[in-house]
Structure formats: C-alpha cells, structure tokens
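What follows is the content of data.cif (mmCIF, C-alpha atoms).
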data_protein
loop_
_atom_site.label_atom_id
_atom_site.label_comp_id
_atom_site.auth_asym_id
_atom_site.auth_seq_id
_atom_site.Cartn_x
_atom_site.Cartn_y
_atom_site.Cartn_z
CA MET A 1 9.55 -58.22 -24.60
CA ASN A 2 8.35 -56.88 -21.24
CA LYS A 3 9.03 -53.21 -21.50
CA ASN A 4 6.75 -50.66 -23.08
CA ILE A 5 7.54 -49.50 -26.60
CA ARG A 6 7.85 -45.72 -26.50
CA LEU A 7 6.14 -43.52 -29.09
CA ILE A 8 8.20 -40.35 -29.45
CA ALA A 9 7.54 -37.14 -31.37
CA ARG A 10 10.67 -35.65 -32.94
CA LEU A 11 10.91 -31.92 -33.53
CA ASP A 12 13.76 -30.61 -35.69
CA ILE A 13 14.35 -26.94 -34.99
CA LYS A 14 16.06 -24.18 -36.97
CA GLY A 15 16.08 -20.82 -35.21
CA PRO A 16 12.58 -20.26 -33.80
CA ASN A 17 10.89 -22.66 -36.23
CA LEU A 18 9.92 -26.30 -36.38
CA ILE A 19 11.22 -27.60 -39.71
CA LYS A 20 11.31 -30.83 -41.71
CA GLY A 21 13.63 -31.98 -44.46
CA ILE A 22 14.27 -34.96 -46.69
CA HIS A 23 17.59 -36.79 -46.18
CA LEU A 24 18.25 -34.03 -43.58
CA GLU A 25 18.30 -31.43 -46.39
CA GLY A 26 15.86 -29.01 -48.02
CA LEU A 27 14.46 -27.86 -44.71
CA ARG A 28 10.88 -26.60 -44.83
CA VAL A 29 9.23 -24.53 -42.09
CA ILE A 30 6.33 -26.38 -40.42
CA GLY A 31 5.38 -23.88 -37.73
CA SER A 32 5.67 -23.19 -34.02
CA PRO A 33 7.64 -25.75 -32.00
CA TYR A 34 5.57 -25.04 -28.90
CA GLU A 35 2.17 -25.53 -30.58
CA HIS A 36 3.22 -28.78 -32.23
CA ALA A 37 4.92 -30.12 -29.09
CA LEU A 38 1.82 -29.38 -27.02
CA ARG A 39 -0.40 -31.12 -29.56
CA TYR A 40 1.80 -34.24 -29.59
CA TYR A 41 1.88 -34.26 -25.79
CA GLN A 42 -1.92 -34.03 -25.73
CA GLN A 43 -2.10 -36.87 -28.28
CA GLY A 44 -0.18 -39.05 -25.82
CA ALA A 45 3.48 -38.90 -26.88
CA ASP A 46 5.62 -40.81 -24.38
CA GLU A 47 8.56 -38.46 -24.97
CA LEU A 48 9.65 -35.56 -27.17
CA ILE A 49 12.98 -35.16 -28.93
CA TYR A 50 14.18 -31.69 -29.94
CA MET A 51 17.09 -31.46 -32.39
CA ASP A 52 18.71 -28.11 -33.19
CA CYS A 53 19.49 -28.70 -36.87
CA VAL A 54 22.02 -25.93 -37.37
CA ALA A 55 23.65 -25.90 -33.95
CA SER A 56 26.71 -27.80 -35.13
CA LEU A 57 27.39 -25.08 -37.70
CA TYR A 58 27.18 -22.33 -35.12
CA GLY A 59 28.81 -24.21 -32.29
CA ARG A 60 26.10 -24.08 -29.67
CA ASN A 61 22.55 -25.17 -28.93
CA HIS A 62 19.95 -22.41 -29.14
CA LEU A 63 16.98 -24.32 -27.77
CA GLY A 64 17.07 -23.07 -24.16
CA ASP A 65 14.09 -20.73 -24.52
CA ILE A 66 12.08 -23.27 -26.54
CA ILE A 67 12.71 -25.97 -23.91
CA ARG A 68 11.89 -23.65 -21.01
CA GLU A 69 8.56 -22.81 -22.62
CA ALA A 70 7.78 -26.47 -23.35
CA ALA A 71 8.76 -27.69 -19.88
CA ARG A 72 6.12 -25.45 -18.28
CA ASP A 73 3.25 -27.32 -19.96
CA ILE A 74 4.61 -30.66 -21.12
CA PHE A 75 5.20 -33.41 -18.56
CA VAL A 76 6.92 -36.20 -20.44
CA PRO A 77 10.69 -36.64 -20.85
CA LEU A 78 12.36 -34.15 -23.20
CA THR A 79 15.57 -35.07 -25.04
CA VAL A 80 17.56 -32.23 -26.57
CA GLY A 81 20.37 -32.47 -29.11
CA GLY A 82 22.43 -30.33 -31.44
CA GLY A 83 25.48 -28.25 -30.60
CA ILE A 84 26.10 -29.77 -27.15
CA ARG A 85 29.89 -29.82 -26.96
CA SER A 86 30.68 -29.95 -23.25
CA VAL A 87 29.38 -30.90 -19.83
CA ASP A 88 28.63 -27.21 -19.32
CA ASP A 89 26.45 -27.14 -22.47
CA ALA A 90 24.64 -30.23 -21.20
CA THR A 91 24.15 -28.62 -17.77
CA GLN A 92 22.60 -25.52 -19.34
CA ILE A 93 20.08 -27.45 -21.42
CA LEU A 94 19.16 -29.75 -18.52
CA ARG A 95 18.61 -26.70 -16.31
CA ALA A 96 16.28 -25.31 -19.00
CA GLY A 97 14.07 -28.38 -18.52
CA ALA A 98 15.51 -31.18 -20.64
CA ASP A 99 15.68 -34.68 -19.15
CA LYS A 100 18.31 -36.09 -21.54
CA VAL A 101 20.90 -34.74 -23.93
CA ALA A 102 21.73 -36.20 -27.32
CA ILE A 103 25.17 -35.71 -28.83
CA ASN A 104 26.54 -36.66 -32.23
CA THR A 105 29.14 -34.32 -33.77
CA ALA A 106 30.85 -33.57 -30.45
CA ALA A 107 30.91 -37.26 -29.49
CA VAL A 108 32.72 -38.15 -32.71
CA ALA A 109 35.23 -35.33 -32.15
CA ASN A 110 35.69 -36.22 -28.47
CA PRO A 111 34.34 -39.66 -27.42
CA GLY A 112 35.38 -38.89 -23.85
CA LEU A 113 32.48 -36.45 -23.67
CA ILE A 114 30.10 -39.43 -23.62
CA SER A 115 31.78 -40.68 -20.43
CA GLU A 116 31.89 -37.20 -18.88
CA ILE A 117 28.16 -36.57 -19.37
CA SER A 118 27.30 -40.11 -18.29
CA ARG A 119 29.36 -39.78 -15.10
CA GLN A 120 27.96 -36.36 -14.28
CA PHE A 121 24.26 -37.00 -14.92
CA GLY A 122 23.87 -40.79 -15.28
CA SER A 123 23.88 -42.95 -18.39
CA GLN A 124 20.07 -42.66 -18.72
CA CYS A 125 20.64 -38.96 -19.48
CA MET A 126 23.29 -39.55 -22.18
CA VAL A 127 21.80 -40.30 -25.62
CA LEU A 128 24.20 -40.98 -28.47
CA SER A 129 22.66 -39.60 -31.66
CA VAL A 130 23.84 -41.47 -34.76
CA GLU A 131 23.15 -40.35 -38.33
CA ALA A 132 23.68 -43.39 -40.54
CA LYS A 133 24.08 -43.65 -44.31
CA GLN A 134 24.37 -46.91 -46.19
CA VAL A 135 27.69 -47.36 -48.00
CA GLY A 136 27.39 -51.00 -49.06
CA GLU A 137 25.52 -54.23 -48.43
CA GLY A 138 24.94 -54.37 -44.68
CA LYS A 139 27.34 -51.46 -44.12
CA TRP A 140 26.54 -47.99 -42.79
CA GLN A 141 28.77 -45.07 -41.92
CA VAL A 142 28.34 -42.36 -39.31
CA PHE A 143 27.67 -38.80 -40.49
CA THR A 144 27.77 -35.59 -38.46
CA ASP A 145 26.68 -31.97 -38.89
CA ASN A 146 23.11 -32.95 -39.74
CA GLY A 147 24.16 -35.43 -42.39
CA ARG A 148 26.76 -33.21 -44.05
CA GLU A 149 30.04 -34.75 -42.97
CA CYS A 150 31.10 -38.37 -43.43
CA THR A 151 33.25 -39.55 -40.53
CA GLY A 152 34.34 -42.87 -42.04
CA LEU A 153 33.23 -44.58 -38.81
CA ASP A 154 31.29 -47.84 -39.07
CA VAL A 155 27.88 -47.40 -37.42
CA VAL A 156 27.83 -50.72 -35.57
CA GLU A 157 31.38 -50.32 -34.25
CA TRP A 158 30.63 -46.73 -33.21
CA VAL A 159 27.47 -47.56 -31.24
CA GLN A 160 29.33 -50.37 -29.48
CA LYS A 161 32.07 -47.92 -28.50
CA GLY A 162 29.48 -45.34 -27.45
CA VAL A 163 27.79 -47.81 -25.12
CA GLU A 164 31.15 -48.81 -23.64
CA MET A 165 31.84 -45.11 -23.00
CA GLY A 166 28.56 -44.70 -21.13
CA ALA A 167 25.76 -43.93 -23.61
CA GLY A 168 22.48 -45.16 -22.12
CA GLU A 169 20.44 -44.91 -25.30
CA ILE A 170 20.94 -44.62 -29.07
CA LEU A 171 18.93 -42.31 -31.34
CA LEU A 172 19.47 -43.95 -34.73
CA THR A 173 18.54 -41.83 -37.75
CA SER A 174 18.66 -43.25 -41.26
CA ILE A 175 19.74 -40.44 -43.59
CA ASP A 176 18.67 -42.55 -46.58
CA ARG A 177 15.11 -42.87 -45.28
CA GLU A 178 14.68 -39.61 -43.38
CA GLY A 179 11.68 -37.65 -44.71
CA THR A 180 11.05 -40.12 -47.56
CA ARG A 181 8.01 -41.94 -46.08
CA LYS A 182 9.52 -45.21 -47.37
CA GLY A 183 9.58 -46.95 -44.01
CA PHE A 184 12.32 -47.58 -41.48
CA ASP A 185 15.60 -49.17 -42.59
CA ILE A 186 14.96 -52.48 -40.84
CA ALA A 187 18.36 -53.93 -41.76
CA LEU A 188 20.09 -50.94 -40.12
CA LEU A 189 17.93 -51.20 -37.01
CA LYS A 190 18.59 -54.93 -36.71
CA ALA A 191 22.35 -54.49 -37.19
CA VAL A 192 22.50 -51.98 -34.34
CA THR A 193 20.04 -53.55 -31.88
CA SER A 194 21.69 -56.96 -32.18
CA ALA A 195 25.10 -55.45 -31.35
CA ILE A 196 24.22 -53.56 -28.15
CA SER A 197 22.05 -53.96 -25.06
CA VAL A 198 20.87 -50.37 -24.45
CA PRO A 199 17.57 -49.00 -25.84
CA VAL A 200 17.52 -47.89 -29.49
CA ILE A 201 15.15 -45.27 -30.93
CA ALA A 202 14.38 -45.69 -34.65
CA SER A 203 14.20 -42.42 -36.56
CA GLY A 204 13.80 -41.66 -40.25
CA GLY A 205 11.35 -42.87 -42.86
CA MET A 206 8.10 -43.70 -41.08
CA GLY A 207 5.46 -43.66 -43.79
CA GLU A 208 2.47 -45.32 -42.13
CA ALA A 209 1.38 -45.91 -38.56
CA GLY A 210 1.69 -49.69 -38.92
CA GLU A 211 5.43 -49.50 -39.60
CA VAL A 212 6.00 -49.29 -35.85
CA VAL A 213 5.31 -53.04 -35.71
CA ASP A 214 8.14 -54.01 -38.11
CA ALA A 215 10.55 -51.58 -36.43
CA VAL A 216 9.97 -53.32 -33.10
CA ARG A 217 9.45 -56.93 -34.18
CA GLU A 218 12.07 -57.14 -36.92
CA GLY A 219 14.29 -54.17 -36.11
CA GLY A 220 14.39 -54.85 -32.37
CA VAL A 221 14.02 -51.20 -31.32
CA ASP A 222 12.60 -49.96 -28.03
CA ALA A 223 11.10 -46.76 -29.40
CA VAL A 224 10.15 -44.99 -32.62
CA ALA A 225 10.63 -41.28 -33.29
CA MET A 226 8.01 -39.73 -35.55
CA ALA A 227 8.18 -36.39 -37.34
CA ASP A 228 6.83 -36.12 -40.91
CA ILE A 229 3.91 -38.49 -40.22
CA LEU A 230 2.78 -36.25 -37.34
CA HIS A 231 3.64 -32.82 -38.78
CA TYR A 232 1.64 -33.46 -41.95
CA LYS A 233 -1.18 -35.07 -39.93
CA ARG A 234 -0.99 -38.37 -41.79
CA ALA A 235 -1.46 -40.08 -38.43
CA GLN A 236 -1.82 -39.17 -34.79
CA ILE A 237 0.09 -40.80 -31.95
CA GLY A 238 -3.14 -42.44 -30.81
CA ASP A 239 -3.43 -44.19 -34.20
CA VAL A 240 0.09 -45.58 -33.85
CA ARG A 241 -0.63 -46.67 -30.26
CA LYS A 242 -3.81 -48.54 -31.33
CA ILE A 243 -2.04 -50.37 -34.15
CA ALA A 244 0.91 -51.28 -31.91
CA LYS A 245 -1.44 -52.57 -29.22
CA SER A 246 -3.58 -54.58 -31.64
CA ALA A 247 -0.39 -56.19 -32.97
CA GLY A 248 0.45 -57.35 -29.44
CA LEU A 249 3.15 -54.79 -28.68
CA LYS A 250 3.28 -53.47 -25.15
CA VAL A 251 2.60 -49.72 -25.09
CA ARG A 252 1.64 -47.31 -22.36
CA ASP A 253 -2.10 -47.04 -21.83
CA TYR A 254 -3.28 -43.56 -22.60
CA ALA A 255 -6.74 -42.39 -21.61
#
Show the structure stored in the file as structure tokens.
Amino acid sequence: MNKNIRLIARLDIKGPNLIKGIHLEGLRVIGSPYEHALRYYQQGADELIYMDCVASLYGRNHLGDIIREAARDIFVPLTVGGGIRSVDDATQILRAGADKVAINTAAVANPGLISEISRQFGSQCMVLSVEAKQVGEGKWQVFTDNGRECTGLDVVEWVQKGVEMGAGEILLTSIDREGTRKGFDIALLKAVTSAISVPVIASGGMGEAGEVVDAVREGGVDAVAMADILHYKRAQIGDVRKIAKSAGLKVRDYA
C-alpha cells in the first residue's frame, strides 16, 4: 500500500451545534463546531467531514455559514454532506468553502445525481455516503435519512453502482457500530473495499486509537473517520497517527 492513510475528523451537525449519537439516534450536544474543528485541524487531521444530520428531513443543507467560518482558518479538505439534492445545492456548499460533497438520500432517490455532480466538479469531489445496517450473515442494507429509512438496497451492489455512476470515494458508516465504541465492522469494510477500486472511508464504532490498524489492514480502507473518540477526548489524532505509523502504515508526517 503506497498511499497515505488519511485520518479524518467527522463532525455531525444539528442546527448550530456539534452533536453525537449512538446508532445515529439519541443525539447529544457536544459544543461548537468551529472550536472542535479548529482543535482537530491543529491536532493534525488530514481532512474534516461535516454531516448535517437533519438536513434530509428539512430538504436542504444548512451548513453554509459553518463551512464559511471553518474555511477561513482550516486548510485541509472539507467534505460536506446532508440535504444536498441537486447540482445547485452542491455548487452552493462548494462556494462556501467545501472541497467535496457527500450525498446519500438524494443519490438513492436519483442515482443520476452522482453522475451530474461528478461531471460538473470531477469524481474526486463526489463522495457517496452509505449508511449500512446488517440484515444477515455477510449482508448489509442501505439506509437513508440518518439511519431512519431502509431502502432495501444491498450495500455492496449499491456502492458498485455508485462508482459506475461517478462516485470518487465512499463514506461507509456502520449504523450498528456508530457511537458504540465497539470497533469498526471489519466484515462490512472488507465486503465493500474488495468490490470497488475507489477510496473508502470507514466510519462508525472506533473505540480505541489502535483500531485504525485493523480497519486498514483487514478492512482495506484508505481512511478512517473519527468522532466520538475525539469529541470525548479519549484519543487525539496525534495518538492515532503514532500508532498507525508504529504499525507500519503510511501516514502523513505531521510536525
């Protein structure tokens, strides 16, 4: 593996607040998105992901002001998802300072949107966000609306279709593990990474800094998204970087 493994901070947003849930439910206010984002940037995050948790309910993304504020002081790629339903929505959030857009609910409703965004801005800008829930041995289904709605789509088949349509990256969130601190769902990660060739970001369940190693080595992912472990200060990004490096994983050097 020649490329650097990316260590990403994930910020789930509801209104003006940074929040965190368990299984994408029971959302608890953590604090100011800006203060946390700045801290994670200063700790050496390679990227930040912002997800508007209630945007799908209200039909649009409300993170423009939050992203504008972040983009003034934070100089790593910003991915923004939630409520992006059109090329125009994507344009607005990219103009606010985002580098990539992540879509889930709208992509399921209109897979052509993946191609439209990819054509307009490049596949590297088009992240397919997938919320996965296990439904049987080695079987996961796609959920939308922040884990509320079951689509009946098979996760592996859906990511393959998404990549064919132009998705340049997959943000793969395990609903079963999200917020539980039980570790990444390695079987899910492996099922997805072995089926596609674009980068996959593992999200949901990171309990300890060392779990990055299994996610990469066994799960085959290119990046890990961290939320709970950072918000509750159980580890800093530097701790994760040190462990990854000592295990022989290639990570960006950070002074």
- Write out as a list in words each polymer residue whose atoms come within 12 Å of Lys161 of chain A, counting all atoms listed in the file; drop sequence neighbours fewer than 3 positions from it. Ala107, Val108, Pro111, Gly112, Ile114, Ser115, Leu128, Leu153, Asp154, Val155, Val156, Glu157, Trp158, Glu164, Met165, Gly166, Ala167, Gly168, Ile170, Val192, Ala195 and Ile196 of chain A
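Shell of Ile30 of chain A at 10 Å, with all atoms listed in the file counted and residues fewer than 5 places along the chain excluded, is Leu11, Asp12, Ile13, Asn17, Leu18, Ile19, Lys20, His36, Asp228, His231 and Tyr232 of chain A.
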Check your understanding: How would you write as a PyMOL selection string the residues that get within 7 Å of (26.3, -32.4, -29.9) in the file's frame, counting all atoms listed in the file?
Key -> chain A and resi 56+81-85+102-107
- Which residues fall under the PyMOL selection byres ((chain A and resi 94) around 12) in this file, as a PyMOL selection string? chain A and resi 61+63-65+67-68+71+77-81+84+87-93+95-102+117+120-121+125-126
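Of the listed residues (A:Lys242, A:Val224, A:Gly207, A:Val216), A:Val224 comes nearest to Glu47 of chain A; the distances count only C-alpha atoms.
Compared by their closest atoms to Ser86 of chain A, and using only C-alpha atoms, the residues A:Ser118, A:Ala202, A:Arg181, A:Ile22 rank with A:Ser118 nearest.
With all atoms listed in the file as the atoms that count, the residue of A:Arg72, A:Arg10, A:Arg148, A:His62 with the shortest distance to Tyr50 of chain A is A:Arg10.
Going from atom CA of Thr173 of chain A over to atom CA of Ser203 of chain A, you cover 4.5 Å.
Atom CA of Val221 of chain A is found 21.5 Å from atom CA of Gly122 of chain A.
Selection by the PyMOL selection byres ((chain A and resi 236-239) around 8) on the present file picks out A:Leu7, A:Tyr40, A:Gln43, A:Gly44, A:Ala45, A:Ala209, A:Ile229, A:Leu230, A:Lys233, A:Arg234, A:Ala235, A:Val240, A:Arg241, A:Lys242, A:Ile243.
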- For Cys150 of chain A: contacts at 10 Å, only C-alpha atoms, fewer than 4 positions along chain excluded, given as a ChimeraX atom specification: /A:131-133,141-145
